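Participant: Below is the file my_file-v3.txt, which contains compact mmCIF, C-alpha atoms (C1' of nucleotides).
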```txt
# COMPACT_ATOMS: atom_id res chain seq x y z
CA MET A 1459 -260.32 45.11 -214.10
CA PRO A 1460 -262.11 43.07 -216.76
CA ALA A 1461 -264.06 44.71 -219.58
CA LEU A 1462 -267.25 43.46 -217.97
CA SER A 1463 -267.81 43.17 -214.27
CA LYS A 1464 -268.98 39.82 -212.93
CA ARG A 1465 -272.42 41.24 -212.48
CA GLU A 1466 -272.56 42.38 -216.08
CA GLN A 1467 -271.32 39.01 -217.30
CA ILE A 1468 -274.11 37.28 -215.42
CA VAL A 1469 -276.82 39.63 -216.68
CA THR A 1470 -275.53 39.43 -220.26
CA GLU A 1471 -275.55 35.65 -220.29
CA ALA A 1472 -278.85 35.35 -218.45
CA LEU A 1473 -280.40 37.72 -220.96
CA LYS A 1474 -279.29 35.54 -223.85
CA LEU A 1475 -280.72 32.39 -222.26
CA PHE A 1476 -283.95 33.87 -220.94
CA TYR A 1477 -284.64 35.44 -224.32
CA ARG A 1478 -283.91 32.31 -226.30
CA ASP A 1479 -285.26 29.57 -224.03
CA GLY A 1480 -287.67 31.33 -221.70
CA PHE A 1481 -287.50 32.21 -218.03
CA ASN A 1482 -288.84 29.08 -216.37
CA ALA A 1483 -286.97 26.83 -218.78
CA THR A 1484 -283.61 28.38 -217.96
CA GLY A 1485 -281.92 27.08 -214.81
CA VAL A 1486 -279.54 28.97 -212.60
CA ASP A 1487 -276.86 26.32 -213.11
CA LYS A 1488 -276.93 26.84 -216.84
CA ILE A 1489 -276.56 30.59 -216.41
CA CYS A 1490 -273.54 30.09 -214.15
CA THR A 1491 -271.89 27.68 -216.56
CA ASP A 1492 -272.39 29.97 -219.55
CA ALA A 1493 -271.31 33.07 -217.67
CA GLY A 1494 -268.23 31.28 -216.35
CA VAL A 1495 -269.15 32.12 -212.81
CA SER A 1496 -269.77 30.11 -209.67
CA LYS A 1497 -273.17 29.83 -208.08
CA LYS A 1498 -271.88 31.55 -204.98
CA THR A 1499 -270.93 34.59 -207.04
CA LEU A 1500 -274.31 34.74 -208.71
CA TYR A 1501 -276.11 34.63 -205.37
CA ASN A 1502 -273.65 37.14 -204.04
CA HIS A 1503 -274.88 39.64 -206.63
CA PHE A 1504 -278.56 38.64 -206.68
CA LYS A 1505 -280.74 37.53 -203.80
CA SER A 1506 -282.74 35.15 -205.98
CA LYS A 1507 -283.35 34.05 -209.52
CA ASP A 1508 -286.36 36.29 -209.63
CA GLU A 1509 -284.24 39.30 -208.79
CA LEU A 1510 -281.91 38.33 -211.61
CA VAL A 1511 -284.88 38.13 -213.97
CA LEU A 1512 -285.88 41.64 -213.00
CA ALA A 1513 -282.35 42.98 -213.46
CA THR A 1514 -282.20 41.27 -216.83
CA LEU A 1515 -285.45 42.87 -217.96
CA ARG A 1516 -284.28 46.28 -216.80
CA GLN A 1517 -281.10 45.89 -218.80
CA ARG A 1518 -283.05 44.77 -221.85
CA ASP A 1519 -285.43 47.70 -221.57
CA GLU A 1520 -282.59 50.17 -221.60
CA SER A 1521 -280.48 48.59 -224.32
CA PHE A 1522 -283.44 47.82 -226.57
CA ARG A 1523 -284.88 51.31 -226.44
CA ASN A 1524 -281.47 52.83 -227.00
CA LYS A 1525 -280.89 50.73 -230.08
CA PHE A 1526 -284.41 51.25 -231.34
CA MET A 1527 -284.21 55.03 -231.03
CA ARG A 1528 -280.72 55.14 -232.54
CA GLU A 1529 -281.76 53.00 -235.51
CA THR A 1530 -284.93 55.00 -236.05
CA GLU A 1531 -283.13 58.33 -235.99
CA ARG A 1532 -280.21 57.14 -238.07
CA ARG A 1533 -282.63 56.49 -240.93
CA ALA A 1534 -284.16 59.94 -241.17
CA SER A 1535 -283.47 63.45 -239.97
CA THR A 1536 -286.94 64.89 -239.45
CA PRO A 1537 -289.32 63.78 -236.71
CA ARG A 1538 -292.10 63.25 -239.21
CA GLU A 1539 -290.00 60.87 -241.33
CA ARG A 1540 -288.97 59.10 -238.17
CA LEU A 1541 -292.56 58.21 -237.45
CA LEU A 1542 -292.13 55.85 -240.39
CA THR A 1543 -288.44 54.84 -240.28
CA LEU A 1544 -289.33 53.47 -236.87
CA PHE A 1545 -290.79 50.54 -238.79
CA ASP A 1546 -287.57 50.12 -240.75
CA ALA A 1547 -285.77 49.76 -237.44
CA LEU A 1548 -288.31 47.10 -236.52
CA GLU A 1549 -287.67 45.28 -239.78
CA ALA A 1550 -283.93 45.20 -239.16
CA TRP A 1551 -284.60 43.75 -235.72
CA PHE A 1552 -286.86 41.02 -237.11
CA GLN A 1553 -284.06 40.02 -239.47
CA GLU A 1554 -281.53 39.40 -236.71
CA LYS A 1555 -280.75 35.70 -236.57
CA ASP A 1556 -281.45 35.40 -232.86
CA PHE A 1557 -284.75 37.29 -233.06
CA SER A 1558 -287.17 35.66 -230.69
CA GLY A 1559 -290.00 38.11 -230.38
CA CYS A 1560 -290.32 40.88 -227.83
CA MET A 1561 -288.78 39.84 -224.53
CA PHE A 1562 -291.46 41.73 -222.63
CA ILE A 1563 -294.33 40.08 -224.44
CA ASN A 1564 -292.59 36.80 -223.66
CA ALA A 1565 -292.21 37.78 -220.01
CA SER A 1566 -295.89 38.70 -219.82
CA ALA A 1567 -296.72 35.25 -221.13
CA GLU A 1568 -294.79 33.50 -218.37
CA PHE A 1569 -295.62 35.98 -215.62
CA SER A 1570 -299.18 36.52 -216.64
CA SER A 1571 -300.59 38.10 -213.50
CA GLN A 1572 -300.90 41.84 -214.05
CA ASP A 1573 -299.32 42.59 -210.67
CA ASP A 1574 -296.31 40.36 -211.02
CA PRO A 1575 -293.22 42.63 -210.87
CA ASN A 1576 -291.91 41.21 -214.14
CA HIS A 1577 -295.23 41.82 -215.85
CA MET A 1578 -295.37 45.35 -214.45
CA LEU A 1579 -291.89 46.08 -215.75
CA SER A 1580 -293.00 44.82 -219.16
CA ALA A 1581 -295.97 47.17 -219.16
CA GLU A 1582 -293.60 49.97 -218.18
CA HIS A 1583 -291.32 49.14 -221.10
CA LYS A 1584 -294.25 49.32 -223.49
CA ARG A 1585 -295.24 52.66 -222.04
CA LEU A 1586 -291.75 54.04 -222.56
CA VAL A 1587 -291.67 52.94 -226.19
CA ARG A 1588 -295.02 54.59 -226.75
CA ASP A 1589 -293.76 57.73 -225.00
CA TYR A 1590 -290.87 57.85 -227.44
CA ILE A 1591 -293.22 57.64 -230.40
CA CYS A 1592 -295.34 60.33 -228.79
CA GLU A 1593 -292.28 62.59 -228.52
CA LEU A 1594 -291.59 62.12 -232.22
CA ALA A 1595 -295.21 62.96 -232.97
CA GLU A 1596 -295.00 66.10 -230.85
CA GLN A 1597 -291.77 67.22 -232.49
CA ALA A 1598 -293.33 66.59 -235.87
CA GLY A 1599 -296.26 68.79 -234.90
CA ALA A 1600 -298.99 66.20 -235.19
CA ARG A 1601 -302.48 67.40 -234.42
CA ASP A 1602 -302.99 64.87 -231.61
CA PRO A 1603 -299.60 63.34 -230.76
CA LYS A 1604 -300.96 61.05 -228.08
CA ALA A 1605 -303.63 59.59 -230.34
CA LEU A 1606 -301.17 59.08 -233.18
CA SER A 1607 -298.60 57.41 -230.95
CA THR A 1608 -301.24 55.05 -229.60
CA GLN A 1609 -302.17 54.05 -233.12
CA LEU A 1610 -298.61 53.55 -234.29
CA ASN A 1611 -297.79 51.65 -231.14
CA LEU A 1612 -300.56 49.17 -231.79
CA LEU A 1613 -299.14 48.60 -235.26
CA VAL A 1614 -295.72 48.00 -233.75
CA GLU A 1615 -297.10 45.36 -231.38
CA GLY A 1616 -299.00 43.67 -234.16
CA ALA A 1617 -295.93 43.53 -236.37
CA ILE A 1618 -293.79 42.01 -233.62
CA VAL A 1619 -296.28 39.23 -232.95
CA GLU A 1620 -296.77 38.52 -236.63
CA ALA A 1621 -293.01 38.37 -237.15
CA HIS A 1622 -292.41 36.04 -234.23
CA VAL A 1623 -295.38 33.69 -234.17
CA SER A 1624 -295.93 33.39 -237.90
CA GLY A 1625 -292.39 34.18 -238.98
CA ASN A 1626 -293.82 36.76 -241.35
CA LYS A 1627 -290.84 38.75 -242.58
CA LYS A 1628 -293.05 41.31 -244.29
CA ALA A 1629 -294.85 42.31 -241.10
CA ALA A 1630 -292.78 45.47 -240.62
CA LYS A 1631 -293.35 46.66 -244.18
CA LEU A 1632 -297.07 45.98 -243.82
CA ALA A 1633 -297.23 47.90 -240.57
CA LYS A 1634 -295.31 50.76 -242.14
CA SER A 1635 -297.73 51.00 -245.03
CA MET A 1636 -300.61 51.06 -242.57
CA ALA A 1637 -298.84 53.66 -240.45
CA LYS A 1638 -298.60 56.03 -243.41
CA VAL A 1639 -302.37 56.37 -243.43
CA PHE A 1640 -302.49 57.54 -239.84
CA VAL A 1641 -299.47 59.78 -240.09
CA GLU A 1642 -301.00 61.57 -243.09
CA GLN A 1643 -304.32 61.78 -241.26
CA ALA A 1644 -302.58 63.46 -238.34
CA PHE A 1645 -301.17 66.27 -240.43
CA ASP A 1646 -303.77 67.13 -243.07
CA MET B 795 -320.90 7.28 -219.21
CA PRO B 796 -319.80 10.60 -217.70
CA ALA B 797 -320.54 13.92 -219.38
CA LEU B 798 -316.84 14.28 -220.10
CA SER B 799 -314.50 11.42 -220.86
CA LYS B 800 -311.34 11.13 -218.78
CA ARG B 801 -309.38 12.41 -221.73
CA GLU B 802 -311.57 15.49 -222.02
CA GLN B 803 -311.36 16.11 -218.28
CA ILE B 804 -307.59 16.10 -218.48
CA VAL B 805 -307.41 18.40 -221.50
CA THR B 806 -309.94 20.80 -220.00
CA GLU B 807 -308.06 21.11 -216.75
CA ALA B 808 -304.63 21.26 -218.40
CA LEU B 809 -305.90 24.04 -220.65
CA LYS B 810 -306.98 26.09 -217.66
CA LEU B 811 -303.62 25.69 -215.93
CA PHE B 812 -301.39 26.11 -218.98
CA TYR B 813 -303.27 29.24 -219.96
CA ARG B 814 -303.18 30.79 -216.52
CA ASP B 815 -299.75 29.75 -215.26
CA GLY B 816 -297.78 28.86 -218.37
CA PHE B 817 -296.60 25.55 -219.81
CA ASN B 818 -293.29 25.04 -218.08
CA ALA B 819 -294.64 26.34 -214.78
CA THR B 820 -297.46 23.79 -214.72
CA GLY B 821 -296.54 20.34 -213.46
CA VAL B 822 -298.16 17.07 -214.44
CA ASP B 823 -299.03 16.31 -210.80
CA LYS B 824 -301.00 19.52 -210.50
CA ILE B 825 -302.93 18.69 -213.66
CA CYS B 826 -303.79 15.23 -212.29
CA THR B 827 -304.94 16.61 -208.96
CA ASP B 828 -307.15 19.28 -210.55
CA ALA B 829 -308.57 16.86 -213.11
CA GLY B 830 -309.26 14.28 -210.39
CA VAL B 831 -307.33 11.68 -212.29
CA SER B 832 -304.38 9.46 -211.49
CA LYS B 833 -301.01 9.87 -213.15
CA LYS B 834 -301.33 6.43 -214.66
CA THR B 835 -304.50 7.49 -216.43
CA LEU B 836 -302.95 10.65 -217.78
CA TYR B 837 -300.00 8.73 -219.20
CA ASN B 838 -302.40 6.15 -220.51
CA HIS B 839 -304.01 8.81 -222.68
CA PHE B 840 -300.89 10.82 -223.54
CA LYS B 841 -297.39 9.56 -224.18
CA SER B 842 -295.79 12.60 -222.63
CA LYS B 843 -296.51 16.03 -221.23
CA ASP B 844 -295.51 17.51 -224.55
CA GLU B 845 -298.17 15.50 -226.32
CA LEU B 846 -300.69 16.77 -223.81
CA VAL B 847 -299.58 20.32 -224.52
CA LEU B 848 -300.16 19.75 -228.22
CA ALA B 849 -303.60 18.23 -227.63
CA THR B 850 -304.44 21.17 -225.39
CA LEU B 851 -303.45 23.69 -228.05
CA ARG B 852 -305.47 21.85 -230.67
CA GLN B 853 -308.51 21.96 -228.41
CA ARG B 854 -307.97 25.65 -227.74
CA ASP B 855 -307.61 26.41 -231.44
CA GLU B 856 -310.92 24.82 -232.22
CA SER B 857 -312.94 26.19 -229.30
CA PHE B 858 -311.47 29.66 -229.57
CA ARG B 859 -312.15 30.04 -233.26
CA ASN B 860 -315.64 28.68 -232.85
CA LYS B 861 -316.45 31.17 -230.14
CA PHE B 862 -314.75 34.01 -231.98
CA MET B 863 -316.68 33.38 -235.19
CA ARG B 864 -319.96 32.89 -233.33
CA GLU B 865 -319.53 36.10 -231.37
CA THR B 866 -318.53 38.05 -234.45
CA GLU B 867 -321.48 36.84 -236.48
CA ARG B 868 -323.95 37.22 -233.65
CA ARG B 869 -323.23 40.95 -233.63
CA ALA B 870 -324.02 41.68 -237.26
CA SER B 871 -325.73 40.08 -240.20
CA THR B 872 -323.72 41.30 -243.18
CA PRO B 873 -320.13 40.26 -243.91
CA ARG B 874 -319.05 43.84 -244.25
CA GLU B 875 -320.34 44.76 -240.78
CA ARG B 876 -318.70 41.65 -239.42
CA LEU B 877 -315.32 42.92 -240.49
CA LEU B 878 -315.81 45.40 -237.67
CA THR B 879 -317.89 43.49 -235.10
CA LEU B 880 -314.95 41.13 -235.04
CA PHE B 881 -313.31 43.72 -232.82
CA ASP B 882 -316.34 43.79 -230.54
CA ALA B 883 -315.89 40.06 -230.06
CA LEU B 884 -312.28 40.76 -229.17
CA GLU B 885 -313.35 43.35 -226.64
CA ALA B 886 -315.72 40.92 -224.94
CA TRP B 887 -312.87 38.42 -224.72
CA PHE B 888 -310.52 40.96 -223.15
CA GLN B 889 -313.13 41.62 -220.49
CA GLU B 890 -313.36 38.02 -219.34
CA LYS B 891 -311.99 37.75 -215.83
CA ASP B 892 -309.59 34.94 -216.69
CA PHE B 893 -308.25 36.66 -219.81
CA SER B 894 -304.56 35.98 -220.01
CA GLY B 895 -303.61 36.99 -223.52
CA CYS B 896 -303.57 34.77 -226.57
CA MET B 897 -302.62 31.22 -225.63
CA PHE B 898 -300.74 30.83 -228.92
CA ILE B 899 -298.69 33.96 -228.47
CA ASN B 900 -297.91 32.64 -224.99
CA ALA B 901 -296.96 29.26 -226.41
CA SER B 902 -294.68 30.89 -228.97
CA ALA B 903 -292.96 32.69 -226.13
CA GLU B 904 -292.16 29.47 -224.29
CA PHE B 905 -291.52 27.35 -227.39
CA SER B 906 -289.71 30.01 -229.30
CA SER B 907 -288.02 27.92 -231.96
CA GLN B 908 -289.95 28.27 -235.22
CA ASP B 909 -289.87 24.53 -235.82
CA ASP B 910 -291.07 23.44 -232.42
CA PRO B 911 -294.38 21.59 -232.93
CA ASN B 912 -296.14 23.82 -230.42
CA HIS B 913 -294.87 26.92 -232.16
CA MET B 914 -295.89 25.55 -235.54
CA LEU B 915 -299.39 24.85 -234.27
CA SER B 916 -299.56 28.42 -233.01
CA ALA B 917 -298.62 29.74 -236.43
CA GLU B 918 -301.28 27.51 -237.92
CA HIS B 919 -303.88 28.91 -235.54
CA LYS B 920 -302.99 32.44 -236.56
CA ARG B 921 -303.29 31.47 -240.20
CA LEU B 922 -306.75 30.03 -239.63
CA VAL B 923 -307.94 33.18 -237.89
CA ARG B 924 -306.64 35.24 -240.77
CA ASP B 925 -308.32 32.89 -243.24
CA TYR B 926 -311.62 33.50 -241.48
CA ILE B 927 -311.22 37.25 -241.78
CA CYS B 928 -310.31 36.76 -245.42
CA GLU B 929 -313.52 34.81 -245.97
CA LEU B 930 -315.53 37.67 -244.48
CA ALA B 931 -313.72 40.11 -246.75
CA GLU B 932 -314.47 37.95 -249.78
CA GLN B 933 -318.12 37.62 -248.88
CA ALA B 934 -318.28 41.36 -248.36
CA GLY B 935 -316.84 41.88 -251.84
CA ALA B 936 -313.69 43.71 -250.84
CA ARG B 937 -311.41 44.74 -253.65
CA ASP B 938 -308.45 42.76 -252.33
CA PRO B 939 -309.71 40.42 -249.58
CA LYS B 940 -306.30 38.97 -248.82
CA ALA B 941 -304.69 42.36 -248.37
CA LEU B 942 -307.53 43.60 -246.18
CA SER B 943 -307.49 40.50 -244.00
CA THR B 944 -303.74 40.85 -243.50
CA GLN B 945 -304.21 44.41 -242.35
CA LEU B 946 -307.09 43.63 -240.00
CA ASN B 947 -305.23 40.63 -238.64
CA LEU B 948 -302.28 42.80 -237.68
CA LEU B 949 -304.64 45.09 -235.81
CA VAL B 950 -306.09 42.10 -233.99
CA GLU B 951 -302.64 40.95 -232.86
CA GLY B 952 -301.73 44.43 -231.74
CA ALA B 953 -304.90 44.76 -229.71
CA ILE B 954 -304.37 41.42 -227.98
CA VAL B 955 -300.86 42.33 -226.90
CA GLU B 956 -301.87 45.78 -225.77
CA ALA B 957 -304.75 44.31 -223.76
CA HIS B 958 -302.63 41.67 -222.07
CA VAL B 959 -299.25 43.30 -221.47
CA SER B 960 -300.47 46.80 -220.70
CA GLY B 961 -303.94 45.88 -219.47
CA ASN B 962 -305.33 48.45 -221.87
CA LYS B 963 -309.06 47.83 -221.92
CA LYS B 964 -309.56 50.24 -224.80
CA ALA B 965 -307.28 48.35 -227.17
CA ALA B 966 -310.15 46.65 -229.01
CA LYS B 967 -312.01 49.92 -229.55
CA LEU B 968 -308.83 51.55 -230.81
CA ALA B 969 -308.16 48.71 -233.20
CA LYS B 970 -311.73 48.88 -234.42
CA SER B 971 -311.48 52.58 -235.16
CA MET B 972 -308.27 51.93 -237.09
CA ALA B 973 -309.87 49.03 -238.92
CA LYS B 974 -312.64 51.28 -240.23
CA VAL B 975 -310.11 53.19 -242.27
CA PHE B 976 -308.93 50.09 -244.09
CA VAL B 977 -312.37 48.62 -244.54
CA GLU B 978 -313.59 51.84 -246.16
CA GLN B 979 -310.45 51.94 -248.30
CA ALA B 980 -311.19 48.42 -249.52
CA PHE B 981 -314.62 49.30 -250.83
CA ASP B 982 -314.45 52.80 -252.26
C1' DA C 904 -245.19 39.08 -196.01
C1' DT C 905 -249.90 39.18 -194.42
C1' DG C 906 -254.58 39.34 -194.25
C1' DA C 907 -259.06 40.55 -196.08
C1' DA C 908 -262.07 40.27 -200.27
C1' DG C 909 -263.84 37.84 -203.54
C1' DA C 910 -263.48 34.31 -206.53
C1' DT C 911 -263.54 29.15 -207.53
C1' DA C 912 -265.24 24.14 -207.55
C1' DT C 913 -267.95 21.01 -205.44
C1' DA C 914 -270.89 18.83 -202.45
C1' DC C 915 -275.09 19.15 -200.40
C1' DC C 916 -280.15 20.32 -199.15
C1' DG C 917 -285.04 19.59 -199.76
C1' DA C 918 -288.35 20.20 -203.16
C1' DT C 919 -290.13 19.34 -207.56
C1' DC C 920 -289.88 17.65 -212.19
C1' DT C 921 -291.40 13.88 -215.84
C1' DG C 922 -292.35 9.37 -216.12
C1' DT C 923 -292.83 4.22 -214.35
C1' DT C 924 -294.28 0.69 -211.43
C1' DT C 925 -296.91 -1.81 -208.10
C1' DA C 926 -300.89 -3.37 -205.90
C1' DC C 927 -305.53 -2.82 -205.23
C1' DC C 928 -310.29 -1.60 -206.50
C1' DT C 929 -314.39 -0.82 -209.41
C1' DT C 930 -317.29 -1.74 -213.30
C1' DG C 931 -319.64 -3.87 -217.18
C1' DT C 932 -320.12 -8.21 -219.91
C1' DC C 933 -320.52 -12.73 -220.86
C1' DG D 1391 -319.74 -15.49 -210.50
C1' DA D 1392 -315.59 -14.75 -213.32
C1' DC D 1393 -312.84 -12.08 -215.96
C1' DA D 1394 -310.88 -8.27 -218.49
C1' DA D 1395 -310.51 -3.23 -218.82
C1' DG D 1396 -309.56 0.66 -216.86
C1' DG D 1397 -309.54 3.16 -212.82
C1' DT D 1398 -307.25 4.53 -208.13
C1' DA D 1399 -303.48 5.75 -204.68
C1' DA D 1400 -298.93 5.74 -203.70
C1' DA D 1401 -294.26 4.63 -203.86
C1' DC D 1402 -290.43 4.99 -206.67
C1' DA D 1403 -286.66 6.44 -210.14
C1' DG D 1404 -283.44 9.65 -211.80
C1' DA D 1405 -282.87 14.24 -213.08
C1' DT D 1406 -283.11 18.96 -212.19
C1' DC D 1407 -284.78 22.81 -209.65
C1' DG D 1408 -283.41 27.12 -206.52
C1' DG D 1409 -280.45 28.00 -202.96
C1' DT D 1410 -276.64 27.15 -199.21
C1' DA D 1411 -272.32 25.63 -197.21
C1' DT D 1412 -267.48 24.40 -197.21
C1' DA D 1413 -262.94 24.47 -198.27
C1' DT D 1414 -259.50 26.21 -201.41
C1' DC D 1415 -257.32 29.59 -204.35
C1' DT D 1416 -256.17 34.18 -206.32
C1' DT D 1417 -255.55 39.09 -205.97
C1' DC D 1418 -254.11 43.05 -204.07
C1' DA D 1419 -253.41 46.90 -200.65
C1' DT D 1420 -251.02 47.64 -196.70
```
I need this file expressed as structure tokens, please.
Facilitator:
Amino acid sequence: MPALSKREQIVTEALKLFYRDGFNATGVDKICTDAGVSKKTLYNHFKSKDELVLATLRQRDESFRNKFMRETERRASTPRERLLTLFDALEAWFQEKDFSGCMFINASAEFSSQDDPNHMLSAEHKRLVRDYICELAEQAGARDPKALSTQLNLLVEGAIVEAHVSGNKKAAKLAKSMAKVFVEQAFD
Amino acid sequence: MPALSKREQIVTEALKLFYRDGFNATGVDKICTDAGVSKKTLYNHFKSKDELVLATLRQRDESFRNKFMRETERRASTPRERLLTLFDALEAWFQEKDFSGCMFINASAEFSSQDDPNHMLSAEHKRLVRDYICELAEQAGARDPKALSTQLNLLVEGAIVEAHVSGNKKAAKLAKSMAKVFVEQAFD
DNA sequence: ATGAAGATATACCGATCTGTTTACCTTGTC
DNA sequence: GACAAGGTAAACAGATCGGTATATCTTCAT
């Protein structure tokens, strides 16, 4: 029994390639080569490339949110502080050498129709991130948790784009400083 | 002499397709068919597809910023008001039926390497938009125009992503309400 | 030991990709 | 009317695309 099942190997390698090079630009052959797996095996686990894309995005959604929440919470103990350390977690992400923007924003660019399954999954991911911020806001006792989380979420999106497109390393710090205004507003 | 030169026909049609379907997903043959032009002619005007992509992005940069500035200024007469009507222009854009996010964010997703020419042009576009906001802030007499424009710009990016990925029609209004806080801050 | 499961490598399929070439046709200018 | 410029349609080249088929090998439970 290997550490990773064949299926996991494929998803892991596909994730790396899709994230770095894009979905349409990454061929199935390349994924097989990198994953050390035959084409037959890949199509034994996934009906089509598109199904693999979906599985990859699902995996990314789970692992990203886990890491994001862990990193946010590791940096502060109270929910209110976490509404800001969330941006420190973002900053650490931007600094990773293989940072290539948000995979779900990227997916929405390539699968731009709102009812494409990949686009829908991306919207779902964004909703779940916002829900997490909303939970923090609730726990912190914000006056209007939903409103606050919507505001902070928009700052998160803006920072990600700024960091990726313009390579602006200070985007997270900027967003954090802007977030402070709304967090204070929500508690006074 | 036709209204549009062959070159312009090609760029116009390529722009439509690249924006709607993505860069890698759009083939040269499809562009020729839609533009009513032979392949020979296309390759007579552009050395490669990649050069056409670049020309397309340049065209988009110019026409988008023109429209954006026009729409912003049409909605208010003073620079200070325009720092907010800018978000009304955004909202109108989001409502267009063929809205498919920001073409430069999309390009950065497919050409993710920071030193890819298409990515670099996208960064340049973002810089020019920010410069415009900075000009408005200067004309309005903001205390720190650069700082204000950086803040507003981040809100713009956030709104675009929210509108495209999540289909959130209210993103522009939200961003505008957040922008008010920083505009007021910059003048008190 | 045997046989089923699941893996491999590799060849193949038809379609599509970017880009080139050929041969013909139209158009404006002298 | 002749000629050059620039257009067309269409075939072609070579690579790669997503996906399938075949034939061989390993693994492992019985």
Participant: Residues of chain B no more than 10 Å from chain D, counting only C-alpha atoms (C1' of nucleotides): send them over as a list in words.
Facilitator: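 Residues satisfying the distance criterion: Val831, Ser832, Lys833, Lys834, Thr835 and Asn838 of chain B.
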Participant: Take CA of Asn1524 in chain A and CA of Val1614 in chain A and report the distance between them in Å, one decimal.
Facilitator: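 According to the coordinates, CA of Asn1524 in chain A and CA of Val1614 in chain A are separated by 16.5 Å.
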Participant: Could you please determine the separation between CA of Leu1544 in chain A and CA of Ile1618 in chain A in Å, to one decimal place?
Facilitator: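 Computing it gives 12.7 Å between the two atoms.
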Participant: Using all atoms listed in the file, find the one residue out of B:Arg814, B:Lys974, B:Lys800, B:Arg859 that sits nearest to chain A.
Facilitator: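 Of B:Arg814, B:Lys974, B:Lys800, B:Arg859, the one nearest chain A is B:Arg814, counting all atoms listed in the file.
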Participant: Please tabulate, as a tab-separated table, the residues of chain C that come within 12 Å of chain B, each with its closest pair of atoms and the distance in Å to one decimal, counting only C-alpha atoms (C1' of nucleotides) and ordering rows by chain, then residue number upward.
Facilitator:
```
residue	atom	partner	partner_atom	distance
C:DT919	C1'	B:Gly821	CA	8.8
C:DC920	C1'	B:Gly821	CA	7.3
C:DT921	C1'	B:Val822	CA	7.6
C:DG922	C1'	B:Ser842	CA	8.0
C:DT923	C1'	B:Lys834	CA	8.8
C:DT924	C1'	B:Lys834	CA	9.6
C:DT925	C1'	B:Lys834	CA	11.4
C:DT930	C1'	B:Met795	CA	11.4
C:DG931	C1'	B:Met795	CA	11.4
```
Participant: Output C-alpha atoms (C1' of nucleotides) for every residue in the selection just made, as a compact mmCIF listing (two decimals), keeping the file's coordinate frame.
Facilitator:
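Output saved as out15.txt:
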```
# COMPACT_ATOMS: atom_id res chain seq x y z
C1' DT C 919 -290.13 19.34 -207.56
C1' DC C 920 -289.88 17.65 -212.19
C1' DT C 921 -291.40 13.88 -215.84
C1' DG C 922 -292.35 9.37 -216.12
C1' DT C 923 -292.83 4.22 -214.35
C1' DT C 924 -294.28 0.69 -211.43
C1' DT C 925 -296.91 -1.81 -208.10
C1' DT C 930 -317.29 -1.74 -213.30
C1' DG C 931 -319.64 -3.87 -217.18
```
Participant: Residues of chain A within 6 Å of chain B, counting all atoms listed in the file, what are they? List them as a PyMOL selection string.
Facilitator: chain A and resi 1480+1564+1566-1568+1581+1612+1615-1616+1623-1624
Participant: Next, the residues of the selection above should be written as an mmCIF file, keeping the file's coordinate frame with C-alpha atoms.
Facilitator:
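Final output, again_14.cif:
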```cif
data_model
loop_
_atom_site.group_PDB
_atom_site.id
_atom_site.type_symbol
_atom_site.label_atom_id
_atom_site.label_comp_id
_atom_site.auth_asym_id
_atom_site.auth_seq_id
_atom_site.Cartn_x
_atom_site.Cartn_y
_atom_site.Cartn_z
ATOM 1 C CA GLY A 1480 -287.670 31.330 -221.700
ATOM 2 C CA ASN A 1564 -292.590 36.800 -223.660
ATOM 3 C CA SER A 1566 -295.890 38.700 -219.820
ATOM 4 C CA ALA A 1567 -296.720 35.250 -221.130
ATOM 5 C CA GLU A 1568 -294.790 33.500 -218.370
ATOM 6 C CA ALA A 1581 -295.970 47.170 -219.160
ATOM 7 C CA LEU A 1612 -300.560 49.170 -231.790
ATOM 8 C CA GLU A 1615 -297.100 45.360 -231.380
ATOM 9 C CA GLY A 1616 -299.000 43.670 -234.160
ATOM 10 C CA VAL A 1623 -295.380 33.690 -234.170
ATOM 11 C CA SER A 1624 -295.930 33.390 -237.900
#
```
Participant: Return the single residue from A:Lys1627, A:Lys1555, A:Arg1540, A:His1503 that is closest to Arg1528 in chain A, with distances computed using all atoms listed in the file.
Facilitator: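 The closest residue to Arg1528 in chain A is A:Arg1540.
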Participant: Work out how far apart CA of Asp892 in chain B and CA of Leu809 in chain B are and give it in Å to one decimal.
Facilitator: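 About the pair CA of Asp892 in chain B and CA of Leu809 in chain B: they are 12.2 Å apart.
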